[in-house]
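File shown here: upload04.cif, holding mmCIF, C-alpha atoms.
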data_model
#
loop_
_atom_site.label_atom_id
_atom_site.label_comp_id
_atom_site.auth_asym_id
_atom_site.auth_seq_id
_atom_site.Cartn_x
_atom_site.Cartn_y
_atom_site.Cartn_z
CA MET A 1 -28.62 29.87 6.33
CA HIS A 2 -24.71 28.31 5.30
CA ARG A 3 -24.69 29.78 8.34
CA CYS A 4 -27.62 31.45 7.34
CA SER A 5 -28.55 32.79 7.68
CA SER A 6 -30.41 30.67 5.40
CA PRO A 7 -30.82 29.16 6.84
CA CYS A 8 -27.37 29.89 6.60
CA SER A 9 -24.34 31.34 4.99
CA ARG A 10 -21.93 31.51 2.15
CA PRO A 11 -23.01 32.78 -1.20
CA PRO A 12 -22.96 30.18 -3.94
CA GLY A 13 -19.88 31.28 -5.74
CA ASP A 14 -18.07 31.27 -2.46
CA THR A 15 -17.77 27.66 -1.44
CA SER A 16 -21.14 26.95 -0.07
CA ARG A 17 -24.44 28.60 0.15
CA ARG A 18 -25.79 31.30 -2.02
CA THR A 19 -24.60 34.27 -3.97
CA VAL A 20 -25.27 37.83 -2.95
CA LEU A 21 -27.90 40.24 -4.03
CA ARG A 22 -29.09 43.74 -3.53
CA ALA A 23 -31.61 46.23 -4.85
CA GLY A 24 -32.29 49.62 -6.44
CA ALA A 25 -34.32 51.92 -8.68
CA ALA A 26 -32.05 54.14 -10.70
CA GLY A 27 -34.16 57.13 -11.61
CA SER A 28 -36.18 57.67 -8.46
CA ALA A 29 -33.29 56.61 -6.24
CA ALA A 30 -30.97 59.10 -7.87
CA ALA A 31 -33.46 61.87 -7.18
CA ALA A 32 -33.94 60.76 -3.59
CA ALA A 33 -30.18 60.56 -3.12
CA ALA A 34 -29.55 64.18 -4.10
CA PRO A 35 -29.85 65.55 -0.54
CA LEU A 36 -27.42 62.91 0.67
CA LEU A 37 -24.96 63.78 -2.06
CA SER A 38 -25.16 67.42 -1.05
CA ALA A 39 -24.38 66.36 2.49
CA CYS A 40 -21.12 64.87 1.27
CA GLY A 41 -19.88 68.39 0.67
CA GLY A 42 -17.58 67.29 -2.15
CA GLN A 43 -15.04 65.90 0.27
CA GLY A 44 -12.65 63.36 -1.21
CA GLY A 45 -12.84 60.30 1.02
CA GLY A 46 -14.26 62.56 3.71
CA SER A 47 -11.01 64.53 3.86
CA GLY A 48 -12.17 67.75 2.22
CA SER A 49 -9.87 67.31 -0.80
CA GLY A 50 -12.55 68.40 -3.28
CA GLY A 51 -12.65 65.05 -5.12
CA PRO A 52 -15.24 62.29 -4.91
CA VAL A 53 -15.96 60.67 -1.56
CA THR A 54 -14.55 57.14 -1.46
CA ILE A 55 -16.17 54.43 0.62
CA GLU A 56 -14.79 50.95 1.21
CA MET A 57 -17.00 47.89 0.75
CA TRP A 58 -16.14 44.38 1.90
CA HIS A 59 -18.65 42.39 -0.13
CA GLY A 60 -17.44 38.86 0.68
CA GLN A 61 -18.31 37.44 -2.74
CA THR A 62 -16.49 35.37 -5.35
CA ASP A 63 -17.31 34.27 -8.87
CA THR A 64 -20.90 35.07 -9.84
CA GLY A 65 -21.60 37.15 -6.77
CA ARG A 66 -18.46 39.19 -7.19
CA ALA A 67 -19.22 39.87 -10.87
CA ALA A 68 -22.77 40.91 -10.00
CA ILE A 69 -21.84 43.36 -7.27
CA GLU A 70 -18.98 44.85 -9.27
CA ALA A 71 -21.28 45.41 -12.25
CA LEU A 72 -23.71 47.25 -9.98
CA VAL A 73 -20.92 49.34 -8.49
CA ALA A 74 -19.79 50.29 -12.00
CA GLU A 75 -23.32 51.44 -12.79
CA PHE A 76 -23.44 53.42 -9.56
CA HIS A 77 -20.20 55.18 -10.49
CA ARG A 78 -21.69 56.15 -13.84
CA THR A 79 -24.77 57.71 -12.24
CA HIS A 80 -23.14 59.07 -9.06
CA PRO A 81 -19.80 60.70 -10.02
CA GLY A 82 -19.42 62.25 -6.56
CA ILE A 83 -18.98 58.87 -4.83
CA ARG A 84 -16.51 56.04 -5.42
CA VAL A 85 -17.03 52.56 -3.98
CA ASP A 86 -13.82 50.59 -3.43
CA THR A 87 -14.58 46.85 -3.53
CA GLY A 88 -10.99 45.63 -3.42
CA GLY A 89 -10.65 44.70 0.25
CA GLY A 90 -12.20 42.32 2.71
CA VAL A 91 -12.42 38.53 2.88
CA LEU A 92 -14.89 35.81 1.97
CA SER A 93 -18.23 36.11 3.69
CA ASP A 94 -17.65 33.16 6.04
CA ALA A 95 -14.65 34.94 7.58
CA MET A 96 -16.24 38.39 7.57
CA LEU A 97 -17.33 38.53 11.21
CA GLN A 98 -13.83 37.82 12.49
CA LYS A 99 -12.31 40.25 10.00
CA VAL A 100 -14.70 43.07 10.89
CA THR A 101 -14.37 42.44 14.63
CA ALA A 102 -10.60 42.73 14.36
CA ALA A 103 -10.92 45.82 12.17
CA LEU A 104 -13.18 47.55 14.69
CA ALA A 105 -10.70 46.79 17.46
CA SER A 106 -7.85 48.28 15.43
CA GLY A 107 -9.85 51.35 14.38
CA SER A 108 -9.42 50.66 10.65
CA TYR A 109 -12.69 49.27 9.33
CA PRO A 110 -14.70 49.48 6.10
CA ASP A 111 -17.76 51.63 5.43
CA ILE A 112 -19.85 48.59 4.40
CA ALA A 113 -19.46 44.89 5.16
CA TYR A 114 -21.50 41.81 4.28
CA ILE A 115 -22.62 40.46 7.66
CA PHE A 116 -24.68 37.32 8.11
CA GLY A 117 -28.08 38.01 9.62
CA SER A 118 -27.34 35.65 12.50
CA ASP A 119 -24.33 37.81 13.44
CA LEU A 120 -25.94 41.24 13.20
CA ALA A 121 -27.06 41.53 16.83
CA SER A 122 -23.51 40.88 18.01
CA ILE A 123 -21.84 43.32 15.65
CA ALA A 124 -24.53 45.99 16.18
CA ARG A 125 -23.37 46.43 19.78
CA SER A 126 -20.46 48.43 18.37
CA PRO A 127 -21.08 52.20 18.49
CA LYS A 128 -19.46 52.38 15.04
CA VAL A 129 -22.43 50.63 13.40
CA VAL A 130 -24.60 53.20 11.63
CA ASP A 131 -28.32 53.41 12.45
CA LEU A 132 -30.15 53.20 9.11
CA THR A 133 -33.69 53.61 10.44
CA ASP A 134 -34.28 57.02 8.87
CA THR A 135 -32.48 55.98 5.68
CA VAL A 136 -34.73 53.03 4.90
CA ARG A 137 -37.92 54.76 5.98
CA THR A 138 -37.36 57.73 3.68
CA GLY A 139 -36.18 55.73 0.67
CA PRO A 140 -38.04 55.76 -2.66
CA THR A 141 -39.47 52.27 -2.05
CA PRO A 142 -41.72 52.32 1.04
CA TRP A 143 -40.20 50.23 3.83
CA ASP A 144 -43.44 48.30 4.27
CA ARG A 145 -43.16 47.04 0.67
CA PHE A 146 -40.04 45.11 1.58
CA TRP A 147 -40.78 41.54 2.58
CA ALA A 148 -41.33 41.13 6.32
CA PRO A 149 -38.34 38.76 6.73
CA ALA A 150 -36.05 41.34 5.09
CA ARG A 151 -37.24 44.04 7.51
CA ALA A 152 -37.08 41.81 10.58
CA ALA A 153 -33.58 40.54 9.85
CA VAL A 154 -32.05 44.03 9.98
CA THR A 155 -34.00 45.33 12.96
CA VAL A 156 -32.37 45.14 16.39
CA ASN A 157 -34.24 46.49 19.43
CA GLY A 158 -36.62 48.40 17.19
CA ARG A 159 -33.93 50.14 15.11
CA VAL A 160 -32.75 49.29 11.59
CA ARG A 161 -29.07 48.49 12.02
CA ALA A 162 -28.25 47.35 8.46
CA ALA A 163 -29.64 47.16 4.94
CA PRO A 164 -31.00 43.83 3.70
CA ALA A 165 -28.54 42.23 1.29
CA LEU A 166 -29.89 38.78 0.54
CA LEU A 167 -33.28 37.12 0.89
CA ASP A 168 -34.09 33.43 0.67
CA SER A 169 -36.43 30.78 2.01
CA LEU A 170 -36.41 27.02 2.48
CA ALA A 171 -38.46 24.57 0.42
CA VAL A 172 -37.99 20.97 -0.70
CA VAL A 173 -36.60 20.14 -4.14
CA CYS A 174 -37.43 16.66 -5.45
CA ASN A 175 -35.75 14.57 -8.17
CA LYS A 176 -38.71 13.52 -10.31
CA LYS A 177 -36.78 10.66 -11.92
CA ILE A 178 -36.13 8.97 -8.56
CA PHE A 179 -39.75 9.42 -7.48
CA ALA A 180 -40.95 7.84 -10.73
CA ALA A 181 -38.49 4.95 -10.48
CA LYS A 182 -39.74 4.13 -6.97
CA GLY A 183 -43.39 4.64 -7.89
CA VAL A 184 -43.77 7.36 -5.27
CA GLY A 185 -46.10 10.29 -5.89
CA LEU A 186 -44.63 13.78 -5.78
CA PRO A 187 -45.47 15.67 -2.57
CA ARG A 188 -47.96 18.51 -2.62
CA PRO A 189 -48.44 21.63 -0.50
CA GLY A 190 -49.89 20.77 2.90
CA TRP A 191 -47.89 17.58 3.40
CA THR A 192 -46.65 16.71 6.88
CA TRP A 193 -43.30 15.87 8.42
CA GLN A 194 -44.53 12.29 8.82
CA ASP A 195 -45.16 12.29 5.06
CA PHE A 196 -41.59 13.52 4.62
CA VAL A 197 -40.18 10.69 6.76
CA ASP A 198 -42.31 8.09 4.97
CA THR A 199 -41.35 9.45 1.55
CA ALA A 200 -37.64 9.51 2.40
CA ARG A 201 -37.87 5.87 3.51
CA ALA A 202 -39.68 4.85 0.32
CA LEU A 203 -37.09 6.57 -1.88
CA THR A 204 -34.06 5.07 -0.14
CA ASP A 205 -32.14 2.24 -1.74
CA PRO A 206 -31.19 -0.16 1.08
CA GLY A 207 -27.84 -0.69 -0.61
CA GLY A 208 -27.00 2.95 -0.02
CA LYS A 209 -26.99 3.93 -3.69
CA VAL A 210 -29.87 6.38 -3.25
CA PHE A 211 -30.75 8.40 -0.15
CA GLY A 212 -34.24 9.69 0.51
CA THR A 213 -32.98 13.05 1.72
CA GLY A 214 -30.00 14.84 3.25
CA TRP A 215 -29.11 16.96 6.26
CA PRO A 216 -25.92 18.92 7.05
CA GLY A 217 -24.08 17.27 9.91
CA ALA A 218 -21.27 19.70 10.72
CA ALA A 219 -23.12 21.12 13.76
CA ASP A 220 -22.98 24.58 12.17
CA GLU A 221 -25.68 27.10 11.34
CA ASP A 222 -26.52 25.24 8.14
CA THR A 223 -27.33 22.25 10.34
CA VAL A 224 -29.43 24.36 12.72
CA TRP A 225 -31.58 26.71 10.69
CA ARG A 226 -33.46 23.84 9.02
CA LEU A 227 -34.88 22.84 12.42
CA TRP A 228 -36.35 26.24 13.34
CA PRO A 229 -39.47 25.98 11.12
CA MET A 230 -40.24 22.65 12.77
CA ILE A 231 -39.83 24.14 16.24
CA TRP A 232 -41.93 27.22 15.42
CA ASP A 233 -44.67 25.06 13.93
CA LEU A 234 -44.79 23.11 17.18
CA GLY A 235 -45.26 26.32 19.18
CA GLY A 236 -41.68 26.85 20.27
CA GLU A 237 -39.49 29.93 20.06
CA VAL A 238 -35.73 30.39 19.93
CA VAL A 239 -35.76 32.39 23.18
CA SER A 240 -38.43 32.23 25.89
CA ALA A 241 -40.73 35.20 26.45
CA ASP A 242 -38.81 36.32 29.55
CA GLY A 243 -35.48 36.09 27.70
CA LYS A 244 -33.94 33.93 30.42
CA GLY A 245 -33.83 30.63 28.56
CA ILE A 246 -34.53 28.87 25.32
CA GLY A 247 -38.14 28.59 24.21
CA PHE A 248 -38.03 25.14 22.62
CA LYS A 249 -37.41 22.63 25.40
CA ASP A 250 -40.51 20.59 24.49
CA SER A 251 -40.93 21.44 20.82
CA GLY A 252 -37.22 20.86 20.24
CA VAL A 253 -37.49 17.27 21.45
CA LYS A 254 -40.44 16.62 19.11
CA ALA A 255 -38.60 18.14 16.15
CA LEU A 256 -35.51 16.08 16.92
CA GLU A 257 -37.68 12.95 17.00
CA THR A 258 -38.38 13.55 13.31
CA VAL A 259 -34.64 13.83 12.68
CA ALA A 260 -34.11 10.64 14.67
CA ALA A 261 -36.68 8.81 12.56
CA LEU A 262 -34.79 9.73 9.39
CA ALA A 263 -31.54 8.54 10.94
CA LYS A 264 -33.09 5.28 12.16
CA ASP A 265 -34.37 4.53 8.66
CA ARG A 266 -30.93 5.34 7.23
CA SER A 267 -32.76 7.43 4.67
CA VAL A 268 -30.76 10.62 5.30
CA TYR A 269 -27.36 11.46 3.88
CA ILE A 270 -25.37 13.24 6.61
CA ASP A 271 -22.83 15.71 5.25
CA PRO A 272 -19.97 15.95 7.77
CA LYS A 273 -18.28 18.97 6.20
CA PRO A 274 -19.20 22.66 6.56
CA GLY A 275 -20.91 24.16 3.53
CA SER A 276 -23.07 21.14 2.60
CA GLU A 277 -21.30 20.79 -0.75
CA GLN A 278 -21.17 17.00 -0.53
CA MET A 279 -24.89 16.79 0.24
CA TYR A 280 -25.73 18.88 -2.79
CA GLN A 281 -23.38 16.89 -5.00
CA VAL A 282 -25.18 13.69 -3.98
CA PHE A 283 -28.47 15.29 -5.02
CA LEU A 284 -27.08 16.69 -8.28
CA SER A 285 -25.61 13.29 -9.19
CA GLY A 286 -29.03 11.64 -8.98
CA ARG A 287 -28.47 9.76 -5.72
CA MET A 288 -30.87 11.70 -3.47
CA GLY A 289 -34.63 11.89 -3.81
CA MET A 290 -35.33 15.22 -2.11
CA VAL A 291 -33.39 17.96 -0.36
CA PRO A 292 -34.57 20.91 1.72
CA THR A 293 -32.74 23.90 0.27
CA GLY A 294 -33.07 27.48 -0.92
CA PRO A 295 -33.32 29.26 -4.27
CA TRP A 296 -29.54 29.62 -4.44
CA GLN A 297 -29.33 25.93 -5.39
CA LEU A 298 -31.69 26.09 -8.38
CA PRO A 299 -29.10 27.31 -10.94
CA ASP A 300 -26.89 24.30 -10.15
CA ILE A 301 -29.87 21.96 -10.33
CA VAL A 302 -30.85 23.34 -13.73
CA GLN A 303 -27.26 23.15 -14.96
CA ALA A 304 -27.04 19.51 -13.84
CA LYS A 305 -30.25 18.83 -15.83
CA VAL A 306 -32.06 17.35 -12.84
CA ASP A 307 -35.76 17.07 -13.68
CA HIS A 308 -37.02 18.63 -10.48
CA HIS A 309 -40.15 19.54 -8.56
CA VAL A 310 -40.30 22.16 -5.78
CA VAL A 311 -42.77 21.93 -2.93
CA PRO A 312 -43.15 24.00 0.28
CA LEU A 313 -41.69 22.64 3.49
CA PRO A 314 -43.86 20.07 5.26
CA SER A 315 -45.37 20.92 8.63
CA TYR A 316 -46.89 19.30 11.69
CA SER A 317 -49.93 21.56 11.80
CA GLY A 318 -50.88 21.82 8.13
CA ARG A 319 -50.14 25.56 8.21
CA PRO A 320 -47.54 26.85 5.72
CA LEU A 321 -44.36 27.97 7.47
CA THR A 322 -40.73 28.31 6.46
CA ILE A 323 -37.58 30.16 7.44
CA SER A 324 -35.77 32.95 5.68
CA GLY A 325 -32.12 33.65 6.43
CA PRO A 326 -31.47 37.19 5.14
CA ASP A 327 -27.97 38.59 5.27
CA THR A 328 -27.06 42.25 5.53
CA TRP A 329 -25.04 45.20 4.35
CA THR A 330 -23.87 46.66 7.64
CA ALA A 331 -22.59 50.26 7.58
CA PHE A 332 -19.84 51.69 9.81
CA ASP A 333 -19.12 55.28 10.80
CA ASN A 334 -15.97 56.71 9.22
CA GLY A 335 -17.05 60.34 9.45
CA SER A 336 -20.06 62.31 8.28
CA ALA A 337 -19.08 62.58 4.58
CA ARG A 338 -18.47 58.86 4.20
CA VAL A 339 -21.59 57.96 6.17
CA ALA A 340 -23.67 60.21 3.88
CA ALA A 341 -22.11 58.56 0.80
CA THR A 342 -22.76 55.12 2.29
CA ARG A 343 -26.42 55.96 2.89
CA THR A 344 -26.72 57.11 -0.72
CA PHE A 345 -25.15 53.94 -2.08
CA LEU A 346 -27.19 51.55 0.08
CA THR A 347 -30.41 53.41 -0.72
CA TRP A 348 -29.64 53.03 -4.43
CA LEU A 349 -28.63 49.39 -4.03
CA MET A 350 -31.88 48.39 -2.30
CA GLN A 351 -34.18 49.74 -5.00
CA PRO A 352 -35.96 47.43 -7.50
CA ALA A 353 -33.94 48.30 -10.62
CA GLN A 354 -30.73 47.22 -8.93
CA ASP A 355 -32.25 44.49 -6.79
CA VAL A 356 -33.63 42.62 -9.78
CA GLN A 357 -30.22 42.65 -11.46
CA TRP A 358 -28.66 41.16 -8.37
CA ASP A 359 -31.45 38.60 -7.95
CA VAL A 360 -31.30 37.36 -11.54
CA ARG A 361 -27.51 37.16 -11.64
CA ALA A 362 -26.89 35.77 -8.18
CA GLY A 363 -29.91 33.63 -7.36
CA SER A 364 -31.62 35.63 -4.60
CA LEU A 365 -35.26 36.37 -4.00
CA PRO A 366 -36.57 39.94 -4.46
CA LEU A 367 -36.15 42.14 -1.41
CA SER A 368 -39.48 43.84 -2.02
CA ARG A 369 -42.82 43.31 -3.67
CA ALA A 370 -41.87 46.16 -6.01
CA THR A 371 -38.99 44.07 -7.35
CA GLN A 372 -41.19 41.00 -7.57
CA ALA A 373 -43.54 42.92 -9.88
CA LEU A 374 -40.84 43.81 -12.42
CA PRO A 375 -40.88 42.04 -15.82
CA GLU A 376 -37.26 40.97 -15.37
CA TRP A 377 -38.24 38.93 -12.32
CA THR A 378 -41.32 37.53 -14.06
CA ARG A 379 -39.08 36.28 -16.87
CA GLN A 380 -36.76 34.71 -14.31
CA THR A 381 -39.61 32.77 -12.68
CA ARG A 382 -40.70 31.49 -16.08
CA ALA A 383 -37.16 30.37 -16.89
CA ILE A 384 -36.49 28.49 -13.63
CA ASP A 385 -39.04 25.90 -12.60
CA GLY A 386 -40.03 26.10 -8.94
CA LEU A 387 -38.65 29.56 -8.23
CA THR A 388 -42.11 30.95 -7.48
CA VAL A 389 -42.51 28.42 -4.64
CA PHE A 390 -39.62 30.06 -2.80
CA THR A 391 -40.99 33.56 -3.40
CA GLN A 392 -44.50 32.63 -2.29
CA ALA A 393 -43.03 31.08 0.86
CA LEU A 394 -41.93 34.56 1.97
CA GLU A 395 -45.55 35.25 2.88
CA THR A 396 -45.23 32.90 5.86
CA ALA A 397 -41.46 32.94 6.45
CA ARG A 398 -39.95 33.79 9.81
CA VAL A 399 -36.41 34.80 10.72
CA ARG A 400 -34.20 33.99 13.65
CA PRO A 401 -34.34 36.59 16.42
CA ASN A 402 -31.68 39.27 16.62
CA ASN A 403 -30.35 38.18 19.98
CA ALA A 404 -26.67 38.59 20.86
CA ALA A 405 -26.67 35.11 22.41
CA TYR A 406 -27.92 33.47 19.21
CA PRO A 407 -24.51 32.15 18.10
CA GLN A 408 -24.17 30.24 21.38
CA ILE A 409 -27.75 28.90 21.10
CA SER A 410 -27.04 27.80 17.54
CA GLU A 411 -23.81 26.07 18.54
CA ALA A 412 -25.56 24.12 21.28
CA LEU A 413 -28.46 23.11 19.03
CA GLY A 414 -26.08 22.17 16.21
CA GLN A 415 -24.34 19.72 18.51
CA ALA A 416 -27.72 18.31 19.55
CA ILE A 417 -28.87 17.78 15.97
CA THR A 418 -25.61 16.14 14.94
CA GLY A 419 -25.71 13.86 17.97
CA VAL A 420 -29.18 12.68 16.98
CA LEU A 421 -28.29 12.30 13.29
CA LEU A 422 -25.32 10.10 14.20
CA GLY A 423 -27.33 8.07 16.71
CA ARG A 424 -25.15 9.12 19.62
CA ARG A 425 -27.88 10.87 21.60
CA THR A 426 -31.62 10.46 21.98
CA PRO A 427 -33.69 13.57 21.21
CA ALA A 428 -34.38 14.09 24.91
CA GLN A 429 -30.72 13.73 25.90
CA ALA A 430 -29.55 16.00 23.12
CA LEU A 431 -32.06 18.72 23.92
CA HIS A 432 -31.25 18.53 27.63
CA ASP A 433 -27.58 19.23 26.92
CA CYS A 434 -28.52 21.94 24.42
CA ALA A 435 -30.75 23.70 26.96
CA ARG A 436 -28.05 23.63 29.63
CA GLN A 437 -25.51 25.33 27.36
CA ALA A 438 -27.89 27.77 25.68
CA ASP A 439 -29.62 28.84 28.91
CA ALA A 440 -26.23 29.63 30.42
CA ALA A 441 -25.37 31.81 27.42
CA LEU A 442 -28.61 33.73 27.75
CA LEU A 443 -27.82 34.63 31.37
CA ILE A 444 -24.58 36.39 30.43
CA PRO A 445 -25.09 40.19 30.39
CA ARG A 446 -24.54 41.68 26.93
#
Translate this structure into structure tokens?
Amino acid sequence: MHRCSSPCSRPPGDTSRRTVLRAGAAGSAAAAAAPLLSACGGQGGGSGSGGPVTIEMWHGQTDTGRAAIEALVAEFHRTHPGIRVDTGGGVLSDAMLQKVTAALASGSYPDIAYIFGSDLASIARSPKVVDLTDTVRTGPTPWDRFWAPARAAVTVNGRVRAAPALLDSLAVVCNKKIFAAKGVGLPRPGWTWQDFVDTARALTDPGGKVFGTGWPGAADEDTVWRLWPMIWDLGGEVVSADGKGIGFKDSGVKALETVAALAKDRSVYIDPKPGSEQMYQVFLSGRMGMVPTGPWQLPDIVQAKVDHHVVPLPSYSGRPLTISGPDTWTAFDNGSARVAATRTFLTWLMQPAQDVQWDVRAGSLPLSRATQALPEWTRQTRAIDGLTVFTQALETARVRPNNAAYPQISEALGQAITGVLLGRRTPAQALHDCARQADAALLIPR
């Protein structure tokens, strides 16, 4: 979402969204990795030099995320002397797709890159992307113990085309002080989108000093992914069953009517810049009553000493439903020795012992139920109020479909949402234009 993924996109030490995370179980993973290490044949960088095999990783992280992944890589080097992971190259995650696309065209690409989940279907069309189906299904943690959104996000046409790197979900974080000052009761699970609109109106200061809520208005993926749970709850889908058009022509209008109601009440802060940093700063400064967001924002909320309350997303139906915007570690084929080393590293990285380190340091949710059961994660949930709401939401979370036309659908819907937020288009007009553009994209052979 940033682009989400998550909902969504940049890791929180980058300039916007969350920080990265991974997984692993050292002892059992090391044992399971032995056959893969043997397959490396002792080739240095895959060249047969007799030294360790070196693989290149473009992790896309800065600050906290960078420190977390580099600490994990250092631990991997200690336990796997036959493989070296070079983390020195690459770019920030928001520019990764363009960087990798250019690298594939030039024939000089990394072994691993951090690819947003919403971009995986497009990049997976390259024959250089490694199929990880057998890797994940033979790993020490059973594949079915990974959360369903993590599995779905890396599966394209029935094959696992990447390893899950980050897992999140959307919920609503409330500023308890603003609710108390306005005499408004805190929302509870099972509330509706009409409740959300009414609450946002009640929390808003007509003078503009306090907004009821916020919504990204840059027409990017961060703008879009927040609408999908509303559309799904109303019975819509991103793509129609026959694949020839969008599947939300009616439900999209109804969802946009909720957005229009917020805009009409002037109870929503519209962040015009990519990354949603201004929206979050308004919340952290005590001038926003509630904000739909993910677990990546909780560390900043705690640091800002905002007395907060976390509640699941509202719905139209009363059924719990949210979105998860997982991002991926996508592997590329640079020869059999490097592919074998890459499989070993990603298998290790996905296991609970490593995953929990990444989650605690970088603000992600556990990739698997096995990680969730670890005492380190239990301590984390006790330390950060509301974190369990995001984890529990994974039970009913959905992900965006891995469709190569998704970026064009998202772009069209982002423009529709922004048009409604700014009062320039009615929901029906905005969705009509969205459908025209998105349907055309779906008809292009890919």
Among the residues A:Pro127, A:Pro110, A:Gly325, A:Pro164, the one that comes closest to Trp143 (chain A) [using only C-alpha atoms]: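 With only C-alpha atoms as the atom set, the closest residue is A:Pro164.
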When the PyMOL selection byres ((chain A and resi 153) around 9) is applied to the file above, which residues end up in the set, as a PyMOL selection string? chain A and resi 117-118+120+148-152+154-156+160+162+164+324-328+399-402
Separation of CA of Val389 (chain A) from CA of Pro366 (chain A) in Å: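 CA of Val389 (chain A) lies at a distance of 13.0 Å from CA of Pro366 (chain A).
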Non-local contacts of Thr204 (chain A) (10 Å; all atoms listed in the file; under 3 positions in same chain excluded) as a PyMOL selection string: chain A and resi 178+182+199-201+207-213+265-268+287-289
Can those selected residues be exported to a file as a PDB file, in the frame of the given file so that it contains C-alpha atoms?
ATOM      1  CA  ILE A 178     -36.130   8.970  -8.560  1.00  0.00           C
ATOM      2  CA  LYS A 182     -39.740   4.130  -6.970  1.00  0.00           C
ATOM      3  CA  THR A 199     -41.350   9.450   1.550  1.00  0.00           C
ATOM      4  CA  ALA A 200     -37.640   9.510   2.400  1.00  0.00           C
ATOM      5  CA  ARG A 201     -37.870   5.870   3.510  1.00  0.00           C
ATOM      6  CA  GLY A 207     -27.840  -0.690  -0.610  1.00  0.00           C
ATOM      7  CA  GLY A 208     -27.000   2.950  -0.020  1.00  0.00           C
ATOM      8  CA  LYS A 209     -26.990   3.930  -3.690  1.00  0.00           C
ATOM      9  CA  VAL A 210     -29.870   6.380  -3.250  1.00  0.00           C
ATOM     10  CA  PHE A 211     -30.750   8.400  -0.150  1.00  0.00           C
ATOM     11  CA  GLY A 212     -34.240   9.690   0.510  1.00  0.00           C
ATOM     12  CA  THR A 213     -32.980  13.050   1.720  1.00  0.00           C
ATOM     13  CA  ASP A 265     -34.370   4.530   8.660  1.00  0.00           C
ATOM     14  CA  ARG A 266     -30.930   5.340   7.230  1.00  0.00           C
ATOM     15  CA  SER A 267     -32.760   7.430   4.670  1.00  0.00           C
ATOM     16  CA  VAL A 268     -30.760  10.620   5.300  1.00  0.00           C
ATOM     17  CA  ARG A 287     -28.470   9.760  -5.720  1.00  0.00           C
ATOM     18  CA  MET A 288     -30.870  11.700  -3.470  1.00  0.00           C
ATOM     19  CA  GLY A 289     -34.630  11.890  -3.810  1.00  0.00           C
TER      20      GLY A 289
END
Written as a compact mmCIF listing (two decimals) with C-alpha atoms, in the coordinates of the input, which residues does the PyMOL selection byres ((chain A and resi 126) around 12) give for the file shown?
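After the write, out-v5.txt holds the following:
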# COMPACT_ATOMS: atom_id res chain seq x y z
CA VAL A 100 -14.70 43.07 10.89
CA THR A 101 -14.37 42.44 14.63
CA ALA A 103 -10.92 45.82 12.17
CA LEU A 104 -13.18 47.55 14.69
CA ALA A 105 -10.70 46.79 17.46
CA GLY A 107 -9.85 51.35 14.38
CA TYR A 109 -12.69 49.27 9.33
CA LEU A 120 -25.94 41.24 13.20
CA ALA A 121 -27.06 41.53 16.83
CA SER A 122 -23.51 40.88 18.01
CA ILE A 123 -21.84 43.32 15.65
CA ALA A 124 -24.53 45.99 16.18
CA ARG A 125 -23.37 46.43 19.78
CA PRO A 127 -21.08 52.20 18.49
CA LYS A 128 -19.46 52.38 15.04
CA VAL A 129 -22.43 50.63 13.40
CA VAL A 130 -24.60 53.20 11.63
CA ASP A 131 -28.32 53.41 12.45
CA ARG A 161 -29.07 48.49 12.02
CA THR A 330 -23.87 46.66 7.64
CA ALA A 331 -22.59 50.26 7.58
CA PHE A 332 -19.84 51.69 9.81
CA ASP A 333 -19.12 55.28 10.80
CA ALA A 404 -26.67 38.59 20.86
CA ARG A 446 -24.54 41.68 26.93
Result set of the PyMOL selection byres ((chain A and resi 300) around 12) on the coordinates above, as a ChimeraX atom specification: /A:12-13,16-19,277,280-281,283-285,293-299,301-308,362-363,384
Using CA of Lys264 (chain A) and CA of Asp250 (chain A) as the two end points, give the distance in Å to one decimal.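 Separation of CA of Lys264 (chain A) and CA of Asp250 (chain A): 21.0 Å.
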With a distance cut-off of 12 Å and only C-alpha atoms, select the neighbouring residues of Gly183 (chain A), excluding the residue or stretch itself and same-chain residues fewer than 4 positions from it, and output the selection as a list in words.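 The residues that qualify are Lys176, Lys177, Ile178, Phe179, Thr199, Ala202 and Leu203 of chain A.
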Enter the distance from CA of Leu365 (chain A) to CA of Thr391 (chain A), in Å, rounded to one decimal. 6.4 Å
Considering all atoms listed in the file, can you say which of A:Met57, A:Val356, A:Cys174, A:Leu387 comes closest to Gly89 (chain A)?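 Ranked by minimum distance to Gly89 (chain A), first place goes to A:Met57.
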Which residue is closest to Lys254 (chain A)? Choose from A:Met279, A:Leu132, A:Ala68, A:Leu227 and count only C-alpha atoms. A:Leu227
Given all atoms listed in the file as the basis, pick out the residue of A:Glu56, A:Glu221, A:Asp111, A:Asp63 nearest to Asp86 (chain A). A:Glu56
